[in-house]
Structure formats: structure tokens, C-alpha cells
$ cat protein-v5.cif   # mmCIF, C-alpha atoms and all ligand atoms
data_model
loop_
_atom_site.label_atom_id
_atom_site.label_comp_id
_atom_site.auth_asym_id
_atom_site.auth_seq_id
_atom_site.Cartn_x
_atom_site.Cartn_y
_atom_site.Cartn_z
CA MET A 1 23.08 -8.88 15.38
CA ASN A 2 23.89 -5.21 14.98
CA ILE A 3 21.84 -2.06 15.59
CA ARG A 4 22.93 1.10 13.78
CA LEU A 5 21.50 4.34 12.46
CA GLU A 6 19.67 4.22 9.14
CA THR A 7 21.58 5.74 6.20
CA LEU A 8 20.44 6.94 2.80
CA ALA A 9 21.65 3.66 1.31
CA ASP A 10 19.16 1.75 3.51
CA TYR A 11 16.02 3.65 2.47
CA ALA A 12 14.83 1.21 -0.21
CA ALA A 13 15.55 -1.88 1.91
CA VAL A 14 13.73 -0.35 4.90
CA GLU A 15 10.70 0.58 2.79
CA ASN A 16 10.56 -2.91 1.33
CA LEU A 17 10.92 -4.48 4.78
CA THR A 18 8.15 -2.23 6.09
CA ARG A 19 5.85 -3.27 3.25
CA GLU A 20 6.53 -6.96 3.86
CA ALA A 21 6.02 -6.69 7.63
CA PHE A 22 2.82 -4.60 7.51
CA TRP A 23 1.19 -6.17 4.48
CA ASN A 24 -2.40 -7.22 5.34
CA VAL A 25 -1.78 -6.78 9.10
CA TYR A 26 -3.94 -3.69 9.73
CA LYS A 27 -5.86 -3.49 6.44
CA PRO A 28 -5.83 -5.39 3.16
CA GLY A 29 -2.49 -4.19 1.76
CA ALA A 30 -0.49 -1.55 3.68
CA ASP A 31 0.34 2.18 3.79
CA GLU A 32 3.27 2.12 6.17
CA HIS A 33 6.01 1.87 3.51
CA TYR A 34 4.71 5.14 2.05
CA PHE A 35 4.60 6.64 5.53
CA VAL A 36 8.28 5.66 6.04
CA HIS A 37 9.15 7.13 2.64
CA MET A 38 7.51 10.45 3.49
CA MET A 39 8.27 10.82 7.17
CA ARG A 40 12.02 11.22 6.68
CA SER A 41 11.36 14.69 5.30
CA HIS A 42 8.71 15.62 7.88
CA GLU A 43 9.69 18.41 10.27
CA THR A 44 9.14 16.17 13.32
CA PHE A 45 11.32 13.28 12.09
CA ILE A 46 14.30 12.47 14.35
CA PRO A 47 17.11 10.94 12.25
CA GLU A 48 19.19 10.29 15.40
CA LEU A 49 16.52 7.77 16.42
CA ALA A 50 16.05 5.93 13.10
CA PHE A 51 17.66 2.56 13.68
CA VAL A 52 18.02 -0.60 11.64
CA LEU A 53 18.69 -4.05 13.02
CA GLU A 54 21.04 -6.16 10.92
CA LYS A 55 21.61 -9.88 11.00
CA ASP A 56 24.55 -11.12 8.94
CA GLY A 57 24.53 -7.82 7.04
CA GLU A 58 20.81 -8.00 6.13
CA ILE A 59 18.32 -5.47 7.55
CA ILE A 60 15.66 -7.47 9.41
CA GLY A 61 14.08 -4.73 11.52
CA ASN A 62 13.79 -0.99 12.00
CA ILE A 63 12.33 1.69 14.24
CA MET A 64 11.69 5.37 13.49
CA TYR A 65 10.70 8.25 15.75
CA THR A 66 9.04 11.62 15.44
CA LYS A 67 8.52 14.47 17.87
CA SER A 68 5.17 14.90 19.58
CA TRP A 69 4.01 16.78 22.67
CA LEU A 70 2.27 16.61 26.00
CA ALA A 71 0.44 19.69 27.24
CA ASP A 72 -0.30 20.19 30.91
CA GLU A 73 -3.45 21.86 32.24
CA ALA A 74 -1.85 25.29 32.01
CA GLY A 75 -1.18 24.62 28.32
CA GLU A 76 2.58 24.29 28.88
CA LYS A 77 4.03 21.92 26.29
CA LYS A 78 6.66 19.23 26.83
CA GLU A 79 8.36 17.83 23.73
CA ILE A 80 8.35 14.04 23.78
CA VAL A 81 8.90 11.30 21.19
CA SER A 82 6.68 8.74 19.48
CA PHE A 83 7.88 5.72 17.57
CA GLY A 84 6.37 4.05 14.56
CA PRO A 85 6.52 2.43 12.29
CA ILE A 86 8.54 -0.30 13.94
CA CYS A 87 8.82 -3.60 12.16
CA VAL A 88 10.62 -6.91 12.04
CA ALA A 89 10.76 -9.15 8.96
CA PRO A 90 7.96 -11.75 9.19
CA GLU A 91 10.36 -14.71 9.42
CA TYR A 92 12.16 -13.10 12.39
CA GLN A 93 9.11 -11.98 14.39
CA ARG A 94 8.37 -13.13 17.95
CA GLN A 95 12.02 -13.80 18.71
CA GLY A 96 12.74 -10.68 20.75
CA HIS A 97 14.03 -8.48 17.92
CA SER A 98 11.69 -5.54 18.51
CA LYS A 99 12.74 -5.65 22.17
CA LEU A 100 16.35 -4.96 21.08
CA LEU A 101 15.32 -2.07 18.84
CA ILE A 102 13.02 -0.50 21.42
CA GLU A 103 15.44 -0.80 24.32
CA HIS A 104 18.37 0.54 22.31
CA SER A 105 16.36 3.50 21.03
CA PHE A 106 15.07 4.27 24.53
CA GLU A 107 18.65 4.50 25.76
CA VAL A 108 19.61 6.93 23.01
CA ALA A 109 16.41 8.97 23.40
CA ALA A 110 17.04 9.30 27.14
CA LYS A 111 20.63 10.43 26.47
CA MET A 112 19.23 13.04 24.07
CA GLY A 113 17.17 14.38 26.97
CA TYR A 114 13.76 12.98 26.09
CA GLU A 115 11.75 11.98 29.16
CA VAL A 116 8.64 10.34 27.70
CA VAL A 117 7.63 8.12 24.79
CA ALA A 118 3.95 8.02 23.82
CA ASN A 119 2.40 6.31 20.84
CA PHE A 120 -0.53 4.31 19.62
CA GLY A 121 -0.04 0.57 19.34
CA ASN A 122 -1.26 -2.90 20.15
CA PRO A 123 -0.63 -3.10 23.93
CA GLY A 124 0.52 -6.74 23.74
CA ASN A 125 3.58 -5.69 21.76
CA TYR A 126 4.70 -2.99 24.19
CA VAL A 127 3.64 -3.58 27.80
CA GLY A 128 6.72 -5.76 28.26
CA ARG A 129 8.84 -2.68 27.42
CA GLY A 130 7.35 -0.68 30.31
CA PHE A 131 4.54 1.06 28.46
CA VAL A 132 1.36 1.58 30.47
CA SER A 133 -2.11 2.71 29.56
CA CYS A 134 -2.25 6.48 29.07
CA LYS A 135 -5.02 6.51 31.70
CA LYS A 136 -2.60 5.44 34.44
CA LEU A 137 -0.39 8.47 33.81
CA ASN A 138 -3.29 10.89 33.31
CA VAL A 139 -2.52 11.43 29.63
CA CYS A 140 -5.71 11.95 27.65
CA LEU A 141 -6.15 12.47 23.94
CA ARG A 142 -9.15 14.72 24.45
CA GLU A 143 -11.02 15.66 27.65
CA ASN A 144 -11.75 12.36 29.45
CA ASN A 145 -10.76 10.27 26.43
CA TYR A 146 -8.11 7.62 27.10
CA PRO A 147 -7.71 5.44 23.99
CA THR A 148 -6.85 1.80 24.70
CA ALA A 149 -4.07 1.99 22.13
CA LEU A 150 -2.45 5.14 23.54
CA LEU A 151 0.53 3.86 25.50
CA VAL A 152 2.98 5.87 27.54
CA LYS A 153 6.47 5.07 28.77
CA GLU A 154 8.34 7.32 31.19
CA LEU A 155 12.04 7.27 30.33
CA VAL A 156 12.50 9.24 33.54
CA PRO A 157 10.38 7.46 36.14
CA GLY A 158 7.86 9.73 37.83
CA VAL A 159 8.31 12.65 35.43
CA LEU A 160 4.58 12.83 34.67
CA ASN A 161 3.47 12.58 38.31
CA ASP A 162 1.02 15.03 39.82
CA LYS A 163 -0.23 16.59 36.60
CA LYS A 164 -2.86 15.94 33.98
CA TRP A 165 -1.66 15.84 30.40
CA ARG A 166 -3.03 15.90 26.88
CA PHE A 167 -1.18 14.06 24.13
CA ILE A 168 -0.64 16.13 20.99
CA PRO A 169 0.38 13.87 18.11
CA ASN A 170 2.15 15.25 15.07
CA ASP A 171 0.62 14.98 11.61
CA ALA A 172 3.45 13.03 9.97
CA ASP A 173 1.08 10.21 8.96
CA ALA A 174 -1.43 12.54 7.29
CA CYS A 175 0.29 11.74 3.97
CA CYS A 176 -1.32 8.28 4.09
CA GLU A 177 -4.77 9.84 3.66
CA ASP A 178 -3.84 10.46 0.02
CA ALA A 179 -4.91 7.05 -1.32
CA GLU A 180 -3.73 7.86 -4.85
CA ALA A 181 -0.24 8.73 -3.68
CA VAL A 182 -0.09 5.57 -1.55
CA ALA A 183 -1.20 3.44 -4.52
CA ALA A 184 1.27 5.13 -6.89
CA PHE A 185 4.11 4.48 -4.45
CA ASP A 186 3.04 0.89 -3.90
CA ALA A 187 3.05 0.31 -7.67
CA ARG A 188 6.86 0.59 -7.53
CA PHE A 189 6.98 -2.73 -5.64
CA PRO A 190 6.20 -6.26 -6.84
CA GLU A 191 2.47 -7.02 -6.88
CA LYS A 192 1.07 -8.56 -3.71
CA ALA A 193 -2.44 -9.84 -2.92
CA LYS A 194 -4.52 -7.66 -0.61
CA GLU A 195 -6.37 -9.96 1.78
CA TRP A 196 -8.37 -10.00 4.98
CA ARG A 197 -6.63 -11.18 8.18
CA PRO A 198 -8.03 -11.50 11.72
CA SER A 199 -5.41 -8.97 12.89
CA GLN A 200 -7.40 -6.31 11.00
CA GLU A 201 -10.38 -6.90 13.28
CA GLU A 202 -8.12 -6.82 16.34
CA PHE A 203 -6.79 -3.47 15.12
CA TYR A 204 -10.35 -2.17 14.65
CA ILE A 205 -11.21 -3.13 18.22
CA TYR A 206 -8.09 -1.52 19.72
CA SER A 207 -8.33 1.62 17.66
CA HIS A 208 -12.02 2.20 18.44
CA SER A 209 -11.95 1.61 22.18
CA SER A 210 -11.05 3.54 25.31
CA VAL A 211 -10.12 2.86 28.91
CA VAL A 212 -13.00 4.22 30.95
CA ARG A 213 -12.07 3.43 34.55
C1 LIG B 301 5.10 -5.84 16.22
C2 LIG B 301 6.52 -6.30 15.89
C3 LIG B 301 7.37 -5.08 15.59
C4 LIG B 301 7.07 -7.01 17.11
O1 LIG B 301 8.38 -7.41 16.83
P1 LIG B 301 8.92 -8.81 17.35
O2 LIG B 301 10.40 -8.85 17.17
O3 LIG B 301 8.11 -9.84 16.69
O4 LIG B 301 8.56 -8.68 18.90
P2 LIG B 301 9.28 -9.37 20.12
O5 LIG B 301 9.60 -10.80 19.81
O6 LIG B 301 10.38 -8.47 20.58
O7 LIG B 301 8.10 -9.39 21.18
C5 LIG B 301 7.47 -8.20 21.59
C6 LIG B 301 6.29 -8.54 22.47
O8 LIG B 301 5.29 -9.14 21.67
C7 LIG B 301 4.59 -10.12 22.47
N1 LIG B 301 4.70 -11.46 21.87
C8 LIG B 301 5.81 -12.19 21.67
N2 LIG B 301 5.48 -13.35 21.10
C9 LIG B 301 4.14 -13.34 20.92
C10 LIG B 301 3.22 -14.23 20.34
N3 LIG B 301 3.59 -15.41 19.84
N4 LIG B 301 1.90 -13.86 20.30
C11 LIG B 301 1.50 -12.68 20.81
N5 LIG B 301 2.35 -11.80 21.35
C12 LIG B 301 3.65 -12.12 21.41
C13 LIG B 301 5.18 -10.14 23.81
O9 LIG B 301 4.43 -9.28 24.65
C14 LIG B 301 6.56 -9.55 23.56
O10 LIG B 301 7.02 -8.90 24.67
P3 LIG B 301 7.77 -9.64 25.90
O11 LIG B 301 9.25 -9.45 25.62
O12 LIG B 301 7.28 -8.91 27.07
O13 LIG B 301 7.37 -11.09 25.87
C15 LIG B 301 6.55 -7.30 14.71
O14 LIG B 301 5.74 -8.39 15.01
C16 LIG B 301 6.10 -6.68 13.39
O15 LIG B 301 6.90 -6.18 12.62
N6 LIG B 301 4.78 -6.73 13.10
C17 LIG B 301 4.23 -6.16 11.87
C18 LIG B 301 4.32 -4.65 11.87
C19 LIG B 301 3.69 -4.06 13.11
O16 LIG B 301 2.59 -4.43 13.52
N7 LIG B 301 4.39 -3.10 13.76
C20 LIG B 301 3.89 -2.46 14.96
C21 LIG B 301 2.97 -1.36 14.69
S1 LIG B 301 3.79 0.17 14.40
#
$ encode --input "protein-v5.cif" --output "C-alpha cells"
Amino acid sequence: MNIRLETLADYAAVENLTREAFWNVYKPGADEHYFVHMMRSHETFIPELAFVLEKDGEIIGNIMYTKSWLADEAGEKKEIVSFGPICVAPEYQRQGHSKLLIEHSFEVAAKMGYEVVANFGNPGNYVGRGFVSCKKLNVCLRENNYPTALLVKELVPGVLNDKKWRFIPNDADACCEDAEAVAAFDARFPEKAKEWRPSQEEFYIYSHSSVVR
């Protein structure tokens, strides 16, 4: 098992892996391979935190980060990082591989001086990595709005203490709103059936709910 930075030569393999891992998980089909394709040229992309996980020379997982921000009540902004997509090839899931990618990238992000990671995700995948509900660290998305899926990890323990914060995501994923562009990109890959899965309902529940107390 080897974790290393993504290179240009990995782009196609990573996009294919992303498509395989995300297919039918959050919607019938997937957008995330297009997101990966586009985000590398987004101004908030952090190439120093784009890692692939190799097993016997084959890429079986990856993680990518972008810059985002927290604003305090005075409007002062702190640059932080958000990860996603992260994925592991379906046949290698639930064996601790994302744990390796997340923990390695946290170490590098901390060395780069980043103090906080905040992103949206299914809590079950991330609470074991030290993420807590945004509500516990007083990080809202909008006034009094603490989405269930907004998870925060302090790379420097206590750094968010004693203040209220607002999470300011970047717009790197806005490209996925262009359904025609997503479909045109997906047409480059072998055809795959778009189907319903229970995970899509789970995603709906998480992405439409908030922590209220
Ligand atoms: C989400 C994903 C990246 C997790 O990778 P993974 O290598 O399978 O995850 P790990 O084995 O490291 O486990 C991560 C956590 O998932 C949970 N988990 C593990 N096995 C589980 C299972 N059978 N059922 C439910 N949750 C489980 C645990 O909380 C685990 O953390 P722990 O170390 O505290 O036990 C991977 O499943 C994937 O690629 N999914 C499709 C794409 C996706 O949803 N990406 C995330 C959104 S950006």
C-alpha cells in the first residue's frame, strides 16, 4: 500500500475510479468524475493535497482538497480546507482505506499550516476520523443553520474555541449543475445502468436535515 501525490498521468484512472465508486450512490448515475475532472483547474484546488492510494501499483483510492473559509462574527476570514471527492474502489471499501488517505492528508495539511477541515459528508464515514457536528464547534452555514452533514475537524485542537463561525464553501462543484456538460463527459466512459439505491434516500435525509439542539 502506497500513498502519493496525484500526477497528470493518473488523471484518467482517478476519474474512472471516481465514476465506479460514486455510481448510483447519491443519485442514479454520478457527477463526481466530472467534478474531479474540472476541479483540478479551479482556483481553490490544492494539488499538494491530491493523493492517490496504490495497491500493487493500481490506484484503488483518492482524496482531493479545495480551499474554503470560516468567517468569525467580525467578518474576519480564516482559510481552511475541505476534502471531496474521496473514494475507494468498490471491491476495497470498508477495509480502512479511506482512513489511511484521510489521516495522511490531515498530516500534510497540518504541516502546510491549515488548522481546520470542514466539509459535507455522511457522518458515519468521518466521525471515526475526529470530525464532529458543526454545531458543536459553533460553525453555522447560515444564521442558526447547522446542517447534519456539515462536519468539522480541528487539526489544531481548540483553535475554534470561544468564537462563532460561518462556513463559506467554495463554488468548485458548481460545474456539476451543467447537466449537459456532465452527460457529455460521462459519454466518454463505457455505458453503465443508472439505478435507484437506498443510499440515495439516505443522502436525501442527510442533506435536507439540520442539528437543532
Ligand atoms: C466513503 C468511502 C470513501 C469510505 O472508504 P472506505 O475505505 O470504505 O472507509 P473505511 O473502511 O476507512 O471506513 C471509514 C468509516 O466508515 C464506517 N464503516 C466502516 N465499515 C462500515 C460498514 N460496513 N457499514 C457502515 N459504515 C462502515 C466506519 O465509521 C469507518 O470508520 P471507523 O474507522 O471509525 O470504523 C468509500 O466507501 C467510497 O468510496 N464510497 C463511495 C464514494 C463516496 O461516498 N465518497 C464519500 C463522499 S465524498
$ atom_distance --input "protein-v5.cif" --atom1 "atom CA of Ala50 of chain A" --atom2 "atom CA of Lys27 of chain A"
24.8 Å
$ residues_around --input "protein-v5.cif" --residues "Gly29 of chain A" --least-positions-apart "5" --cutoff "12 Å" --atoms "only C-alpha atoms" --output "MDAnalysis selection string"
chainID A and resid 18:24 34 179 182:183 186:187 191:197 200
$ atom_distance --input "protein-v5.cif" --atom1 "atom CA of Phe189 of chain A" --atom2 "atom O3 of ligand LIG 301 (chain B)"
23.5 Å
$ residues_near_ligand --input "protein-v5.cif" --ligand "ligand LIG 301 (chain B)" --cutoff "6 Å" --atoms "only C-alpha atoms and all ligand atoms" --output "number ranges by chain"
A: 21-22, 84-88, 93-99, 121, 124-125, 128
$ atom_distance --input "protein-v5.cif" --atom1 "atom CA of Glu103 of chain A" --atom2 "atom CA of Leu155 of chain A"
10.6 Å
$ residues_around --input "protein-v5.cif" --residues "Ala74 of chain A" --least-positions-apart "5" --cutoff "10 Å" --atoms "all atoms listed in the file" --output "ChimeraX atom specification"
/A:163-165
$ residues_around --input "protein-v5.cif" --residues "Met1 of chain A" --least-positions-apart "3" --cutoff "8 Å" --atoms "all atoms listed in the file" --output "compact mmCIF listing (two decimals) with C-alpha atoms, keeping the file's coordinate frame"
# COMPACT_ATOMS: atom_id res chain seq x y z
CA LEU A 53 18.69 -4.05 13.02
CA GLU A 54 21.04 -6.16 10.92
CA LYS A 55 21.61 -9.88 11.00
CA ASP A 56 24.55 -11.12 8.94
$ closest_residue --input "protein-v5.cif" --among "A:Glu6, A:Asp31, A:Glu202, A:Glu15" --to "Ala149 of chain A" --atoms "all atoms listed in the file"
A:Glu202
$ closest_residue --input "protein-v5.cif" --among "A:Arg213, A:Lys111, A:His208, A:His42" --to "Val156 of chain A" --atoms "only C-alpha atoms"
A:Lys111
$ residues_around --input "protein-v5.cif" --residues "Gly113 of chain A" --least-positions-apart "5" --cutoff "12 Å" --atoms "all atoms listed in the file" --output "JSON, numbers by chain"
{"A": [78, 79, 80, 81, 106, 107, 108, 155, 156]}
$ residues_around --input "protein-v5.cif" --residues "Asn144 of chain A" --least-positions-apart "2" --cutoff "12 Å" --atoms "only C-alpha atoms" --output "PyMOL selection string"
chain A and resi 134-135+138-142+146-147+164-167+210-213
